[in-house]
Structures are given as structure tokens and as C-alpha cells.
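Trainee: Contents are PDB, C-alpha atoms; file name protein_19.pdb:
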ATOM      1  CA  MET L   1      -7.384   9.198 -11.738
ATOM      2  CA  LYS L   2      -7.101  12.346  -9.670
ATOM      3  CA  GLU L   3      -6.170  15.427 -11.686
ATOM      4  CA  GLY L   4      -3.074  17.398 -10.856
ATOM      5  CA  SER L   5       0.649  16.900 -10.741
ATOM      6  CA  SER L   6       0.773  14.131  -8.132
ATOM      7  CA  MET L   7      -1.993  11.977  -9.678
ATOM      8  CA  GLU L   8      -1.865   9.611  -6.760
ATOM      9  CA  TYR L   9      -5.220   7.832  -6.886
ATOM     10  CA  PHE L  10      -7.691   6.462  -9.366
ATOM     11  CA  SER L  11     -11.081   8.174  -9.545
ATOM     12  CA  GLU L  12     -14.511   6.560  -9.598
ATOM     13  CA  SER L  13     -15.134   7.966 -13.081
ATOM     14  CA  TYR L  14     -11.956   6.293 -14.386
ATOM     15  CA  PHE L  15     -13.338   2.849 -13.514
ATOM     16  CA  ARG L  16     -16.893   3.669 -14.656
ATOM     17  CA  ASP L  17     -15.503   4.764 -18.026
ATOM     18  CA  ILE L  18     -13.720   1.429 -18.403
ATOM     19  CA  VAL L  19     -16.994  -0.441 -17.915
ATOM     20  CA  GLY L  20     -18.623   1.825 -20.497
ATOM     21  CA  ARG L  21     -15.896   1.118 -23.063
ATOM     22  CA  ILE L  22     -16.033  -2.681 -22.778
ATOM     23  CA  SER L  23     -18.564  -4.301 -25.075
ATOM     24  CA  SER L  24     -21.289  -6.476 -23.582
ATOM     25  CA  TYR L  25     -19.781  -9.497 -25.318
ATOM     26  CA  GLU L  26     -16.325  -8.827 -23.848
ATOM     27  CA  GLN L  27     -17.878  -8.370 -20.394
ATOM     28  CA  TYR L  28     -19.636 -11.695 -20.854
ATOM     29  CA  LEU L  29     -16.347 -13.409 -21.753
ATOM     30  CA  TYR L  30     -14.608 -12.030 -18.661
ATOM     31  CA  CYS L  31     -17.446 -13.230 -16.451
ATOM     32  CA  GLU L  32     -18.534 -16.558 -17.910
ATOM     33  CA  ARG L  33     -15.261 -18.332 -17.079
ATOM     34  CA  VAL L  34     -15.781 -17.872 -13.345
ATOM     35  CA  GLN L  35     -19.552 -17.645 -12.998
ATOM     36  CA  HIS L  36     -20.844 -20.326 -10.632
ATOM     37  CA  ALA L  37     -17.249 -21.469 -10.012
ATOM     38  CA  HIS L  38     -16.564 -24.586  -7.970
ATOM     39  CA  PRO L  39     -16.514 -23.735  -4.221
ATOM     40  CA  ASN L  40     -12.805 -24.629  -4.020
ATOM     41  CA  MET L  41     -11.675 -22.676  -7.087
ATOM     42  CA  GLU L  42      -8.519 -20.700  -6.367
ATOM     43  CA  PHE L  43      -8.545 -16.952  -7.031
ATOM     44  CA  ASP L  44      -5.619 -14.570  -7.272
ATOM     45  CA  ILE L  45      -7.648 -11.719  -5.790
ATOM     46  CA  PHE L  46     -10.755 -11.385  -3.634
ATOM     47  CA  LEU L  47     -12.247  -7.976  -4.477
ATOM     48  CA  SER L  48     -13.680  -6.425  -1.301
ATOM     49  CA  TYR L  49     -16.080  -3.504  -1.772
ATOM     50  CA  ASN L  50     -19.238  -1.762  -0.602
ATOM     51  CA  ILE L  51     -22.305  -2.595  -2.701
ATOM     52  CA  ALA L  52     -22.845   1.148  -3.275
ATOM     53  CA  ASP L  53     -19.658   1.081  -5.390
ATOM     54  CA  LEU L  54     -20.665  -1.812  -7.652
ATOM     55  CA  ASN L  55     -20.386   0.103 -10.957
ATOM     56  CA  VAL L  56     -16.929   1.353  -9.983
ATOM     57  CA  VAL L  57     -15.789  -2.077  -8.778
ATOM     58  CA  LYS L  58     -16.792  -3.720 -12.051
ATOM     59  CA  GLY L  59     -14.229  -1.462 -13.762
ATOM     60  CA  ILE L  60     -11.585  -2.618 -11.275
ATOM     61  CA  TYR L  61     -12.619  -6.221 -11.956
ATOM     62  CA  PHE L  62     -12.243  -5.842 -15.737
ATOM     63  CA  ILE L  63      -8.792  -4.241 -15.401
ATOM     64  CA  LEU L  64      -7.594  -7.062 -13.142
ATOM     65  CA  ARG L  65      -9.001  -9.692 -15.517
ATOM     66  CA  LYS L  66      -7.223  -8.015 -18.468
ATOM     67  CA  MET L  67      -4.027  -8.272 -16.410
ATOM     68  CA  GLY L  68      -4.579 -12.042 -16.305
ATOM     69  CA  CYS L  69      -5.689 -12.305 -12.675
ATOM     70  CA  THR L  70      -8.484 -14.583 -11.528
ATOM     71  CA  VAL L  71     -10.732 -12.376  -9.436
ATOM     72  CA  TYR L  72     -13.508 -13.184  -7.002
ATOM     73  CA  LEU L  73     -16.283 -10.615  -7.261
ATOM     74  CA  ASP L  74     -19.373 -11.934  -5.521
ATOM     75  CA  CYS L  75     -21.953 -10.599  -7.967
ATOM     76  CA  ILE L  76     -20.142 -12.286 -10.861
ATOM     77  CA  VAL L  77     -18.841 -15.537  -9.366
ATOM     78  CA  ASP L  78     -21.761 -16.162  -6.997
ATOM     79  CA  PRO L  79     -24.641 -14.197  -8.528
ATOM     80  CA  ASP L  80     -27.143 -16.142  -6.428
ATOM     81  CA  LEU L  81     -25.794 -14.646  -3.171
ATOM     82  CA  LYS L  82     -28.390 -12.331  -1.688
ATOM     83  CA  ARG L  83     -26.501  -9.518  -0.003
ATOM     84  CA  SER L  84     -29.681  -8.179   1.586
ATOM     85  CA  GLU L  85     -30.492 -11.556   3.152
ATOM     86  CA  SER L  86     -27.135 -12.504   4.638
ATOM     87  CA  ASP L  87     -27.051 -15.283   7.198
ATOM     88  CA  LYS L  88     -24.614 -17.877   8.536
ATOM     89  CA  GLN L  89     -24.545 -19.748   5.185
ATOM     90  CA  THR L  90     -23.667 -16.508   3.374
ATOM     91  CA  ALA L  91     -20.824 -15.871   5.815
ATOM     92  CA  GLU L  92     -19.541 -19.447   5.455
ATOM     93  CA  ARG L  93     -19.631 -19.190   1.675
ATOM     94  CA  ILE L  94     -17.765 -15.869   1.668
ATOM     95  CA  GLN L  95     -15.266 -17.245   4.203
ATOM     96  CA  ASN L  96     -14.590 -20.224   1.928
ATOM     97  CA  ARG L  97     -14.001 -17.890  -1.055
ATOM     98  CA  LEU L  98     -11.654 -15.795   1.096
ATOM     99  CA  LYS L  99      -9.664 -18.877   2.107
ATOM    100  CA  HIS L 100      -9.332 -19.847  -1.553
ATOM    101  CA  SER L 101      -7.954 -16.435  -2.526
ATOM    102  CA  LYS L 102      -4.240 -15.637  -2.620
ATOM    103  CA  SER L 103      -4.832 -11.968  -1.819
ATOM    104  CA  LEU L 104      -7.452  -9.304  -1.181
ATOM    105  CA  LEU L 105      -7.914  -5.940  -2.869
ATOM    106  CA  TYR L 106      -9.829  -3.541  -0.609
ATOM    107  CA  ALA L 107     -11.646  -0.910  -2.709
ATOM    108  CA  GLN L 108     -11.397   2.029  -0.332
ATOM    109  CA  SER L 109     -14.055   4.576  -1.238
ATOM    110  CA  GLN L 110     -16.153   7.073   0.684
ATOM    111  CA  SER L 111     -18.773   4.358   1.243
ATOM    112  CA  ALA L 112     -16.301   1.625   2.273
ATOM    113  CA  ASN L 113     -16.515   2.879   5.861
ATOM    114  CA  GLN L 114     -20.194   1.874   5.911
ATOM    115  CA  SER L 115     -19.524  -1.774   5.088
ATOM    116  CA  ASN L 116     -19.784  -4.393   7.816
ATOM    117  CA  TRP L 117     -18.249  -7.067   5.580
ATOM    118  CA  MET L 118     -15.077  -5.338   4.348
ATOM    119  CA  PRO L 119     -13.154  -5.224   7.668
ATOM    120  CA  TRP L 120     -13.994  -8.880   8.292
ATOM    121  CA  GLU L 121     -12.906  -9.890   4.774
ATOM    122  CA  LEU L 122      -9.649  -7.979   5.208
ATOM    123  CA  GLY L 123      -8.981  -9.727   8.520
ATOM    124  CA  VAL L 124      -9.660 -13.211   7.151
ATOM    125  CA  VAL L 125      -7.253 -12.844   4.216
ATOM    126  CA  ASP L 126      -4.648 -11.021   6.309
ATOM    127  CA  GLY L 127      -4.673 -13.910   8.771
ATOM    128  CA  HIS L 128      -4.636 -16.509   5.990
ATOM    129  CA  THR L 129      -2.083 -15.189   3.447
ATOM    130  CA  GLY L 130      -1.065 -11.733   4.669
ATOM    131  CA  LYS L 131      -1.442 -10.461   1.083
ATOM    132  CA  CYS L 132      -3.829  -7.515   1.318
ATOM    133  CA  MET L 133      -3.785  -4.316  -0.737
ATOM    134  CA  ILE L 134      -5.714  -1.066  -0.409
ATOM    135  CA  LEU L 135      -6.961   0.630  -3.584
ATOM    136  CA  PRO L 136      -8.119   4.177  -2.811
ATOM    137  CA  VAL L 137     -10.890   5.229  -5.186
ATOM    138  CA  THR L 138     -11.724   8.911  -4.951
ATOM    139  CA  LYS L 139     -14.507  11.171  -6.052
ATOM    140  CA  GLU L 140     -13.098  13.519  -8.676
ATOM    141  CA  GLN L 141     -10.982  15.734  -6.416
ATOM    142  CA  ALA L 142     -11.762  14.404  -2.952
ATOM    143  CA  GLU L 143      -9.041  12.954  -0.771
ATOM    144  CA  ILE L 144      -9.760   9.747   1.073
ATOM    145  CA  ASN L 145      -9.183   9.766   4.785
ATOM    146  CA  PRO L 146      -8.895   6.154   5.942
ATOM    147  CA  ARG L 147     -10.793   6.827   9.215
ATOM    148  CA  ARG L 148      -9.713   3.290   9.988
ATOM    149  CA  GLU L 149      -6.072   3.571  10.903
ATOM    150  CA  TYR L 150      -5.457  -0.158  10.438
ATOM    151  CA  LEU L 151      -5.715   0.391   6.665
ATOM    152  CA  LEU L 152      -2.376   2.183   6.864
ATOM    153  CA  LEU L 153      -0.742  -1.176   7.682
ATOM    154  CA  TYR L 154      -1.231  -2.449   4.133
ATOM    155  CA  PRO L 155       0.380  -1.546   0.810
ATOM    156  CA  TYR L 156      -1.508   0.813  -1.453
ATOM    157  CA  VAL L 157      -2.367   0.335  -5.112
ATOM    158  CA  LYS L 158      -1.872   3.508  -7.118
ATOM    159  CA  PRO L 159      -1.396   4.380 -10.768
ATOM    160  CA  ASN L 160       2.031   4.850 -12.286
ATOM    161  CA  SER L 161       2.683   7.355 -15.080
ATOM    162  CA  GLN L 162       1.045   4.993 -17.616
ATOM    163  CA  ASN L 163      -2.115   4.549 -15.470
ATOM    164  CA  GLU L 164      -1.100   0.972 -14.621
ATOM    165  CA  MET L 165      -2.003  -0.397 -11.204
ATOM    166  CA  ARG L 166       1.118  -0.696  -9.066
ATOM    167  CA  VAL L 167       1.514  -1.892  -5.477
ATOM    168  CA  PHE L 168       3.522   0.439  -3.269
ATOM    169  CA  THR L 169       5.088  -1.094  -0.175
ATOM    170  CA  GLU L 170       7.716   0.259   2.198
ATOM    171  CA  SER L 171      10.412  -1.561   0.219
ATOM    172  CA  ARG L 172       8.953  -0.597  -3.164
ATOM    173  CA  ASN L 173       7.895   2.991  -2.656
ATOM    174  CA  SER L 174       9.412   4.626  -5.754
ATOM    175  CA  TYR L 175       7.951   2.695  -8.681
ATOM    176  CA  GLY L 176       5.918   0.035  -6.950
ATOM    177  CA  THR L 177       5.569  -3.500  -8.234
ATOM    178  CA  THR L 178       2.972  -5.273 -10.312
ATOM    179  CA  ILE L 179       0.008  -6.807  -8.547
ATOM    180  CA  ARG L 180       0.993 -10.256  -9.794
ATOM    181  CA  ASN L 181       4.552  -9.874  -8.431
ATOM    182  CA  TYR L 182       3.190  -8.710  -5.095
ATOM    183  CA  ILE L 183       0.810 -11.682  -4.859
ATOM    184  CA  ASN L 184       3.619 -14.096  -5.745
ATOM    185  CA  GLY L 185       6.064 -12.537  -3.272
ATOM    186  CA  MET L 186       8.502 -11.196  -5.867
TER     187      MET L 186
END
Output the structure of this file as C-alpha cells.
Mentor:
Amino acid sequence: MKEGSSMEYFSESYFRDIVGRISSYEQYLYCERVQHAHPNMEFDIFLSYNIADLNVVKGIYFILRKMGCTVYLDCIVDPDLKRSESDKQTAERIQNRLKHSKSLLYAQSQSANQSNWMPWELGVVDGHTGKCMILPVTKEQAEINPRREYLLLYPYVKPNSQNEMRVFTESRNSYGTTIRNYINGM
């Protein structure tokens, strides 16, 4: 999380540290339940990210799983997907996973702007469920400038005073709400 009095965003190192603290066995348990999941398996969250942020995103994944959410992370659920060899079948497979997800969490980092997939994924879920969230992930002290103004349309996930992920919407801008409550419309 960003240092200072406002402590508005989580930092990359925060999520990397989480991965480092989880034993290999515990990581296995979080992953094995969804690995090679049925194509029509329902997910609470589709985790959208740039491949350059994989080690950071795994920390996000483990936090969400500890919160009891089912999470689609391509490298875990569909480890056979070849990101470097994407074609129509890859797009169809991702589209199917998006349509079977209740929401999308967009991991907004410095490298997110370089992704061709993330805007498309955001659009598919926004059109399907309308439940999209932006999670800014900063370098230690760097601010994130969206550079894509449409990201400002969506609620942001930020830490509360206990470092818990909270969704901040226009109607819930003081304390936010839990991710699960946001997904379920509460």
C-alpha cells in the first residue's frame, strides 16, 4: 500500500509479499480447485491484467481466494492457454470465461495501458453484468494516471484502514463496501 497519510492504493510490493508468505502447499490448494475448470464454471471475478504484472496479480488472486471468491486467472484456470500465440480460439475461450464471470477486477498498473486484451475484457463484462471494478496497483510512491478516461466510470478498489479491499462507488464513498456485497448488488 502507498505510504503516507492518505494510503489510497495498494502497492506492487504489497501483493508480491503476500505471494512470498504463502506456502507452496497453500498456493497449490488455492489453485487445484479451479485448474482446468469446466468451460461453463461460474466465477465471481475475472481478474484482468497485463502479463508483465503476473507476480503482482497472483497476490491479488490469493487475497480474493482467501475472501472466499471464485476467481478466474488465466494462468491458473487455463494454464494451457498460450498468451503469445493468441488466435480466434483463444479469444472465444476468454470470451466464454468472461460471460461466466459475475464481475471483473481490472488490475490497473503502469503496464496495463500496454495490454490489448484488458480493454476488451472490461467491455465484455461491462456489457454482460455491468459489475466491473478498477484496482489501482502502484509502484512504491508513483501515482497512477488512468490515461484511459473510461476507467473513471467504474468503482475503485482501495484499502481501508485494516488493509482490506473495499469497493468505493459514488453511493459508498466513505467506507466502501466489500467486494462480495458489490458483486451481489448489496
Trainee: Can you report as lines of an AutoDock Vina configuration file the centre and edge lengths in Å, to one decimal, of an axis-aligned box around the listed atoms of range 52-67 of chain L padded with 5 Å on each side?
Mentor:
center_x = -13.4
center_y = -4.2
center_z = -10.9
size_x = 28.8
size_y = 21.0
size_z = 25.2
Trainee: Which residues are close to Asp44 in chain L, i.e. within 6 Å by only C-alpha atoms, leaving aside same-chain residues fewer than 5 positions away? Reply as a list in words.
Mentor: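 Counting only the stated atoms, we get Cys69, Thr70, Val71, Ser101 and Lys102 of chain L.
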Trainee: Using only C-alpha atoms, can you tell me which of L:Tyr72, L:Tyr25, L:Phe15, L:Phe43 comes closest to Val56 in chain L?
Mentor: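 Among L:Tyr72, L:Tyr25, L:Phe15, L:Phe43, it is L:Phe15 that comes nearest to Val56 in chain L.
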Trainee: Could you jot down the CA of Arg93 in chain L to CA of His38 in chain L separation for me, Å, one decimal place?
Mentor: 11.5 Å
Trainee: Interatomic distance between CA of Leu105 in chain L and CA of Met41 in chain L?
Mentor: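 Atom-to-atom, CA of Leu105 in chain L and CA of Met41 in chain L are spaced 17.7 Å apart.
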Trainee: Just the number, please: distance in Å from CA of Asn116 in chain L to CA of Ser48 in chain L, one decimal.
Mentor: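 Going from CA of Asn116 in chain L over to CA of Ser48 in chain L covers 11.2 Å.
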Trainee: List the residues matched by the PyMOL selection byres ((chain L and resi 45) around 12) in the displayed structure as a PyMOL selection string, ordered by chain and then by residue number.
Mentor: chain L and resi 41-44+46-48+60-61+64-65+67-74+97-107+121-122+125+129+131-133+179-180+182-184
Trainee: In terms of the shortest atom-to-atom distance over only C-alpha atoms, which of L:Ser13, L:Asn55, L:Thr90, L:Thr169 is closest to Pro155 in chain L?
Mentor: L:Thr169
Trainee: Of the residues L:Gln114, L:Asn50, L:Ser174, L:Ser109, which is the one nearest to Cys75 in chain L, using all atoms listed in the file?
Mentor: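 Smallest separation from Cys75 in chain L among the options: L:Asn50.
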Trainee: Take the PyMOL selection byres ((chain L and resi 166) around 6), run it mentally on this structure, and tell me the resulting residues as number ranges by chain.
Mentor: L: 157-159, 165, 167, 176-178
Trainee: For His128 in chain L, which residue among L:Asn181, L:Asn160, L:Asn96, L:Gln110 is the nearest when counting all atoms listed in the file?
Mentor: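 Nearest to His128 in chain L: L:Asn96.
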Trainee: Pick from L:Tyr175, L:Tyr156, L:Trp120, L:Phe62: nearest to Arg21 in chain L, with only C-alpha atoms counted?
Mentor: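 Closest to Arg21 in chain L, using only C-alpha atoms: L:Phe62.
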Trainee: On this file, the PyMOL selection byres ((chain L and resi 10) around 7) gives some set of residues; write that set as number ranges by chain.
Mentor: L: 1-2, 9, 11-12, 14, 136-138, 158-159
Trainee: For Val57 in chain L, which residue out of L:Leu152, L:Leu81, L:Val19, L:Ile94 is the nearest one, using all atoms listed in the file?
Mentor: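 The shortest atom-to-atom distance to Val57 in chain L comes from L:Val19.
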